[in-house]
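Here is the structure we will look at, set down as structure tokens.
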Number of protein chains: 2
Amino acid sequence: MPPRPSHPEALVEAQARFVAVWGQMGSAWGISRTMAEVHALLFVTGEPLNTDDVMERLEISRGNASMSVRALVDWGVVYRSHKRGDRKEYFQAELDVWAMFRAILRERMKREVDPLLVSLHEIRDMTPVDRKSPEAVRDHAQRLDALLGFLETADSVGRRFVSPTGKGLQTAATLLSKTMGTGKRAAEGGA
Amino acid sequence: MPPRPSHPEALVEAQARFVAVWGQMGSAWGISRTMAEVHALLFVTGEPLNTDDVMERLEISRGNASMSVRALVDWGVVYRSHKRGDRKEYFQAELDVWAMFRAILRERMKREVDPLLVSLHEIRDMTPVDRKSPEAVRDHAQRLDALLGFLETADSVGRRFVSPTGKGLQTAATLLSKTMGTGKRAAEGGA
DNA sequence: TTTGATTTTCAAAGTTTTCTGAAATCACTA
DNA sequence: TAGTGATTTCAGAAAACTTTGAAAATCAAA
């Protein structure tokens, strides 16, 4: 009796390719390759896996698997779960793609953008400007102010998208991707 | 150049801190530290610098300076320029912050997002679904479709922002940061 | 409390990425 | 064409980052 093809060859191969592609993408954006691969594996299989499953499928050490999976939980893109009668911990990816990207954005803002903004404000305050300041200092301050203006706008947009209110990003992005004619016409507000 | 009083100690120190902070931020997002530092130096000084200037201020080798500066030109965030009666090439950062981020977004989409989308479509096509497909295959395809849906929306939003029409991002982001209901009062500013 | 399974930690090893510097190439001039 | 100075290249060296694996810590059940 041939085994039911619930794990056809093609599925496993597609999963492997997805893991590779996602891992590579992660490393281009400053996430360690393995961590991205673990995330990819959990996402693409869609079911809870334990540390040994991850080790086997990705051929990585126990330590690495443990650290990666924990980091993903810290990022909020993977949840811990348990199986009745099994002492092992299982891990399951967030499968709502929009929620997943909200979590990623939230963490990156918290870890990288917010500290950056703090530093830039400090740097800005190192060169106070009054009317007798040299031109070089005024220009310098102006460049920093322009950068801060941009980053604060971006930060503010990011906050909305990530906010507990929730689905903001999805709504706004869907609108922006569809409406907003070809040209200069701006998005209509309409909350 | 004789040290004019327009280069007070505080200015140089602020520049150095900016370079360090920007370099660190770059490496968190997958840009090599030195490349980000060179960009920071050109941006924060605001004037055209040649390779030797960059080497000296950043204490890096000629080769590294040359490669970094060329990569920044390829990214479209730095321009080549020349000084009358000087055979050296000078480099000057794009100082319009919104244009700078449009260039960065354009390149990252071209280099990373678009190839990713191509791969994901190929992977999606590895597991065609019909009514007698196993459940595992259907679920797998559904997860990939959800991810593709998100990424294509994001890609589409990105394209608008980056489009030759130009100021789309600025307009939309400024709107999004200020309007749209709930959150805190948005940053003042704009152009 | 003991036991044994599971998870975490972290120093050392391994890998990847980045940087250096000297040689090759280029661009211009005489 | 040779000479001069600027720029690019790239093999090897150095630095940064990641992974391993065995020991320690934790945990749950008995």
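Identifiers for the structure tokens are assigned positionally: chains receive A, B, ... in sequence, residues are indexed from 1 per chain, and ligands are indexed from 1 in the order shown.
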
Subject >> Residue list for chain C near chain A as a ChimeraX atom specification, 8 Å, only C-alpha atoms (C1' of nucleotides) >> reply: /C:6-8

Dump C-alpha atoms (C1' of nucleotides) for the selected residues as an mmCIF file, in the first residue's frame?
```cif
data_model
loop_
_atom_site.group_PDB
_atom_site.id
_atom_site.type_symbol
_atom_site.label_atom_id
_atom_site.label_comp_id
_atom_site.auth_asym_id
_atom_site.auth_seq_id
_atom_site.Cartn_x
_atom_site.Cartn_y
_atom_site.Cartn_z
ATOM 1 C "C1'" DT C 6 14.822 19.449 28.497
ATOM 2 C "C1'" DT C 7 16.630 23.939 27.917
ATOM 3 C "C1'" DT C 8 20.084 27.439 28.352
#
```

Between segment 19-92 of chain B and segment 13-23 of chain D, at 12 Å or less, what are the per-residue closest atom pairs and their distances in Å? Count only C-alpha atoms (C1' of nucleotides), order by chain and rising residue number, and return it as a tab-separated table.
```
residue	atom	partner	partner_atom	distance
B:Ser27	CA	D:DA16	C1'	11.1
B:Ser32	CA	D:DA16	C1'	11.1
B:Arg33	CA	D:DA16	C1'	10.8
```

Those residues with N, CA and C atoms, as a short mmCIF file (atom, residue, chain, number, x, y, z; two decimals), in the first residue's frame please?
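Result went into again_17.cif, see below:
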```
data_model
loop_
_atom_site.label_atom_id
_atom_site.label_comp_id
_atom_site.auth_asym_id
_atom_site.auth_seq_id
_atom_site.Cartn_x
_atom_site.Cartn_y
_atom_site.Cartn_z
N SER B 27 24.89 49.08 10.03
CA SER B 27 25.23 47.67 10.13
C SER B 27 24.06 46.85 10.68
N SER B 32 27.33 47.76 5.15
CA SER B 32 28.58 47.62 5.88
C SER B 32 28.88 48.90 6.65
N ARG B 33 29.45 48.72 7.82
CA ARG B 33 29.66 49.84 8.73
C ARG B 33 30.41 50.97 8.05
#
```

Subject >> Closest of A:Glu112, A:Glu9, A:Glu135, A:Asp86 to Trp22 of chain B - atom-to-atom distances counting only C-alpha atoms >> reply: A:Glu112

**OP:** Would you kindly report the residues of chain A within 8 Å of chain B, using only C-alpha atoms, as a PyMOL selection string?
**Re:** chain A and resi 5-7+10-11+14+17-18+21+25+27-30+43-46+95+97-98+112+116+119-120+123-124+126-127+134-137+140+143-144+146-147+149-150+152-154+156-157+160+173-174+176-177+183-184+186-187+189-191

Original post:
Which one of B:Leu41, B:Val78, B:Ala36, B:Ala65 sits closest to chain D if you count only C-alpha atoms (C1' of nucleotides)?
Top reply: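 The closest residue to chain D is B:Ala65.
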
**OP:** Compute the chain D side of the contact with chain B at 10 Å, counting only C-alpha atoms (C1' of nucleotides), and hand it back as a ChimeraX atom specification.
**Re:** /D:5-10

**OP:** Tell me, in Å to one decimal, how far atom C1' of DT29 of chain C is from atom CA of Phe91 of chain B.
**Re:**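 These atoms are spaced 24.5 Å apart.
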